[in-house]
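Visitor: Quick one: the structure is below, and I'll ask about it shortly.
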Amino acid sequence: MDDAPASRRKLPSVDHILKTEAAVAAISRYGRPATVTAVRAAVGEVRAAARMGAHATFDETLLATAALARLEASSRSRLRPVFNLTGTVLHTNLGRALLAEEAMEAALKAMRSAVALEYDLETGKRGDRDDHVRDLICELTGAEDATIVNNNAAAVLLVLNSFSLGKDAIVSRGELIEIGGAFRMPEIMARAGARLVEVGATNRTHPKDYLAALNAETGLILKVHTSNYRIEGFTAEVSPRDLATIAHQRGALLFHDLGSGTLADLACYGLAHEPTVREAVAQGADIVSFSGDKLLGGPQAGFIIGRRELIAAINKNPLKRALRVDKIRLAALEATLKLYRNPDRLAERLPTLRLLARSVPELEAQAARLAPALSQRLGERRGAAIAVEIVPCKSQIGSGALPMETIASVALVLRPREKSGRALDRLANALRALPMPVIGRISDGALLLDLRCLEDEAGFLESLDALEPSDALA
Ligand SMILES: *Cc1c(COP(=O)(O)O)cnc(C)c1O
């Protein structure tokens with residue numbers, strides 16, 4: 001425009017920029033106050049750059065476009081959908097179970113409309129929000145009664161607080177678990193007001209250990225599923241059935257925290273057997289708790305099931321109100337549980353089981369379809385900087401179900417030809433920066449994309465199309 005130094009050229013006024021087409025579009029989409037803020041920020045940036053002597057743009061359309069880009073970036077949801085190619089099907093950090101279509105539809109209906117959540121449509125009187133799923137749960141597990149809370153951590157807290165406040169809670173030293181985050185059994189017990197009484201040793205606990213600890217101060221015996229580790233070698237534990245007998249002989253309760261808790265026998269789907277909730281109930285525990293978004297495949301929730309008078313006592317605990325679930329999740333849970341009534345179609349309708357049950361030949365065929373397309377996008381276009389191979393790998397269930405079991409799977413392995421860790425990091429970063437980020441796992445100098453959880457192949461390839469040639473991949 002002119003030859004004056006950048007610092008002396010005049011910047012367009014904010015008002016002027018707000019009249020451009022891009023700014024008018026931004027105002028209609030994001031509102032005037034946000035647009036004005038974004039335009040000011042864009043102008044401020046240019047002014048600062050010009051002061052540093054950098055070559056800066058003074059064009060109002062470019063400034064408005066920069067402001068619009070800023071608004072678009074900040075309006076994108078932070079809770080972005082991602083491709084979970086980590087090989088961990090129930091990945092806690094990636095949101096665990098995917099819901100069935102039926103569950104999503106039910107949740108959507110509950111969101112749109114008033115629902116008879118705590119209202120008995122037959123009598124016109126007040127109802128109970130647990131009524132909607134209680135019968136289903138009892139039918140599927142053989143329990144007498146049930147109540148639902150926010151998650152299994154809440155279930156454990158509530159049960160301990162209801163039956164061992166100021167009393168002893170007896171647990172084996174081999175079962176004092178810590179689960180991801182801050183869920184540690186001794187700490188939850190302390191918050192619940194229970195006195196932790198540890199018995200046995202880390203590797204061996206016997207009936208006599210529990211018997212010696214039982215007294216008039218005992219609230220309950222707690223049996224915990226060791227979800228994320230296994231003690232092997234010279235070991236002994238007391239079975240839930242024997243523990244129930246021991247507890248009942250002395251007038252105490254047995255509470256079994258089952259962790260993942262499956263309603264279906266996983267052995268039917270080619271996986272190892274994980275104790276089912278029905279088995280835990282049949283073994284005589286007075287109360288059993290488990291999660292909604294682990295193997296069950298529903299929304300986040302905690303189930304507390306067991307004897308009717310105990311569930312009634314839990315429902316009278318004022319903490320129940322603080323831990324209860326909303327109508328949206330109850331609707332999704334009810335729809336999810338209903339799918340279990342038809343075991344023949346369960347694996348097809350419930351994403352968690354569907355993904356866990358995918359066979360190696362099916363995954364191999366998918367890998368063969370995807371590898372050339374991936375090669376073309378990552379390799380050839382970039383001077384074959386990244387080699388793409390198909391290799392067998394092992395998936396995990398995740399979220400503390402069958403911690404030692406792996407499931408044979410197939411991965412696309414992306415290996416930068418440059419052997420530095422930096423090349424691998426750049427590749428992983430570029431895939432995480434895609435519009436729908438791709439999350440794999442790094443193993444042995446390569447990025448592994450486990451295909452077990454990849455159902456949307458077209459979406460995956462489309463997402464990879466957004467890789468910029470400038471993404472420093474090569
Ligand atoms: C996962 C787990 C919990 C916590 O369940 P959330 O639903 O994640 O709150 C508690 N106990 C055991 C044994 C678990 O495996």
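All residue names refer to the structure tokens as shown: chains lettered A, B, ... in order, residues numbered from 1 in each chain, ligands numbered from 1 in order.
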Can you work out which residues are within 10 Å of ligand 1, considering only C-alpha atoms and all ligand atoms, and then hand them over as a PyMOL selection string?
Guide: chain A and resi 92+96+149-157+175-181+183-185+223-228+256-261+289-294+299-303+398-401+403
Visitor: Restricting it to C-alpha atoms, dump the selection as a JSON list (two decimals), in the first residue's frame.
Guide:
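This went into again_10.json:
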```json
[["chain", "number", "residue", "atom", "x", "y", "z"],
["A", 92, "THR", "CA", -11.60, -44.81, 31.50],
["A", 96, "ARG", "CA", -15.54, -46.15, 28.84],
["A", 149, "VAL", "CA", -26.28, -44.21, 42.24],
["A", 150, "ASN", "CA", -23.77, -42.07, 40.37],
["A", 151, "ASN", "CA", -21.07, -44.73, 39.94],
["A", 152, "ASN", "CA", -19.65, -47.77, 41.70],
["A", 153, "ALA", "CA", -17.38, -45.58, 43.84],
["A", 154, "ALA", "CA", -20.55, -43.89, 45.13],
["A", 155, "ALA", "CA", -22.13, -47.31, 45.65],
["A", 156, "VAL", "CA", -19.21, -48.47, 47.81],
["A", 157, "LEU", "CA", -19.24, -45.22, 49.80],
["A", 175, "GLU", "CA", -7.99, -56.69, 48.45],
["A", 176, "LEU", "CA", -7.16, -53.13, 49.55],
["A", 177, "ILE", "CA", -7.27, -51.86, 46.01],
["A", 178, "GLU", "CA", -6.41, -48.56, 44.44],
["A", 179, "ILE", "CA", -8.19, -47.89, 41.16],
["A", 180, "GLY", "CA", -7.20, -45.08, 38.79],
["A", 181, "GLY", "CA", -7.55, -41.58, 40.15],
["A", 183, "PHE", "CA", -10.22, -44.35, 44.61],
["A", 184, "ARG", "CA", -8.39, -46.20, 47.36],
["A", 185, "MET", "CA", -10.35, -48.57, 49.51],
["A", 223, "LYS", "CA", -15.08, -58.67, 49.50],
["A", 224, "VAL", "CA", -13.42, -56.67, 46.71],
["A", 225, "HIS", "CA", -12.83, -57.78, 43.15],
["A", 226, "THR", "CA", -9.11, -57.17, 42.58],
["A", 227, "SER", "CA", -9.85, -55.44, 39.33],
["A", 228, "ASN", "CA", -6.50, -54.24, 38.12],
["A", 256, "HIS", "CA", -19.24, -57.83, 47.56],
["A", 257, "ASP", "CA", -17.78, -55.00, 45.43],
["A", 258, "LEU", "CA", -17.72, -56.72, 42.08],
["A", 259, "GLY", "CA", -16.13, -53.84, 40.15],
["A", 260, "SER", "CA", -16.97, -54.32, 36.50],
["A", 261, "GLY", "CA", -19.73, -56.82, 37.05],
["A", 289, "SER", "CA", -22.24, -53.45, 43.81],
["A", 290, "PHE", "CA", -20.96, -52.90, 40.26],
["A", 291, "SER", "CA", -20.54, -50.24, 37.57],
["A", 292, "GLY", "CA", -22.90, -49.28, 34.75],
["A", 293, "ASP", "CA", -20.28, -48.21, 32.21],
["A", 294, "LYS", "CA", -17.81, -51.05, 32.40],
["A", 299, "PRO", "CA", -23.96, -45.01, 31.03],
["A", 300, "GLN", "CA", -21.93, -44.19, 34.13],
["A", 301, "ALA", "CA", -23.82, -45.55, 37.14],
["A", 302, "GLY", "CA", -23.39, -47.65, 40.24],
["A", 303, "PHE", "CA", -25.72, -50.53, 41.03],
["A", 398, "GLY", "CA", -9.97, -52.29, 30.41],
["A", 399, "SER", "CA", -11.65, -50.71, 33.44],
["A", 400, "GLY", "CA", -10.61, -53.56, 35.66],
["A", 401, "ALA", "CA", -12.28, -56.52, 34.00],
["A", 403, "PRO", "CA", -6.93, -57.57, 34.10]]
```
Visitor: Identify, on the basis of only C-alpha atoms, every residue whose closest approach to Pro361 (chain A) does not exceed 10 Å; exclude the query and any residue fewer than 5 positions from it along the same chain; express the result as an mmCIF file with C-alpha atoms, in the first residue's frame.
Guide:
```cif
data_model
loop_
_atom_site.group_PDB
_atom_site.id
_atom_site.type_symbol
_atom_site.label_atom_id
_atom_site.label_comp_id
_atom_site.auth_asym_id
_atom_site.auth_seq_id
_atom_site.Cartn_x
_atom_site.Cartn_y
_atom_site.Cartn_z
ATOM 1 C CA GLN A 366 -10.262 -54.483 7.874
ATOM 2 C CA ALA A 367 -6.504 -53.989 8.212
ATOM 3 C CA SER A 409 -6.400 -58.372 17.769
ATOM 4 C CA VAL A 410 -4.854 -56.709 14.727
#
```
Visitor: Per DSSP on the backbone, what are the helix (DSSP H, G or I) residues of region 160-302 of chain A, as a ChimeraX atom specification?
Guide: /A:160-164,173-175,185-192,207-213,240-249,266-269,277-282
Visitor: With only C-alpha atoms as the basis for distance, which of A:Leu160, A:Val171, A:Ile188, A:Ile305 is at the shortest distance from His206 (chain A)?
Guide: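 Nearest candidate to His206 (chain A) out of A:Leu160, A:Val171, A:Ile188, A:Ile305: A:Val171.
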Visitor: Record the distance separating CA of Arg241 (chain A) and CA of Ala280 (chain A), expressed in Å with one decimal.
Guide: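 Here the two named atoms are 8.6 Å from each other.
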Visitor: Hey, what's within 8 Å of region 341-355 of chain A if we count only C-alpha atoms and toss same-chain stuff fewer than 3 positions away? As a list in words, please?
Guide: Val89, Leu90, Ala97, Leu98, Leu99, Ala100, Glu101, Leu140, Tyr269, Leu295, Leu296, Gly297, Thr336, Leu337, Lys338, Arg358, Arg452 and Cys453 of chain A
Visitor: Just the selected residues (C-alpha atoms), exported as an mmCIF file, in the first residue's frame, please.
Guide:
```
data_model
loop_
_atom_site.group_PDB
_atom_site.id
_atom_site.type_symbol
_atom_site.label_atom_id
_atom_site.label_comp_id
_atom_site.auth_asym_id
_atom_site.auth_seq_id
_atom_site.Cartn_x
_atom_site.Cartn_y
_atom_site.Cartn_z
ATOM 1 C CA VAL A 89 -12.000 -51.236 24.843
ATOM 2 C CA LEU A 90 -13.280 -49.744 28.106
ATOM 3 C CA ALA A 97 -18.583 -47.823 27.264
ATOM 4 C CA LEU A 98 -20.218 -46.593 24.063
ATOM 5 C CA LEU A 99 -23.968 -46.668 24.392
ATOM 6 C CA ALA A 100 -26.322 -48.787 22.334
ATOM 7 C CA GLU A 101 -28.573 -46.972 19.839
ATOM 8 C CA LEU A 140 -31.352 -60.207 35.287
ATOM 9 C CA TYR A 269 -18.410 -64.531 23.294
ATOM 10 C CA LEU A 295 -18.712 -54.471 30.998
ATOM 11 C CA LEU A 296 -22.415 -53.794 31.362
ATOM 12 C CA GLY A 297 -22.042 -51.318 28.504
ATOM 13 C CA THR A 336 -29.463 -50.961 28.015
ATOM 14 C CA LEU A 337 -30.738 -53.505 30.538
ATOM 15 C CA LYS A 338 -33.627 -54.422 28.243
ATOM 16 C CA ARG A 358 -14.809 -58.952 16.924
ATOM 17 C CA ARG A 452 -10.650 -53.549 17.533
ATOM 18 C CA CYS A 453 -12.646 -50.380 18.272
#
```
Visitor: Can you tell me, as a list of chain:residue names, which residues in region 257-386 of chain A count as strand (DSSP E) by DSSP?
Guide: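 In region 257-386 of chain A, DSSP puts these residues in strand (DSSP E): A:Asp257, A:Ile287, A:Val288, A:Ser289, A:Phe290, A:Ser291, A:Gly302, A:Phe303, A:Ile304, A:Ile305, A:Gly306, A:Ile386.
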Visitor: Provide the CA of Arg426 (chain A) to CA of Glu457 (chain A) distance in Å, to one decimal place.
Guide: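 Those two atoms sit 23.3 Å apart.
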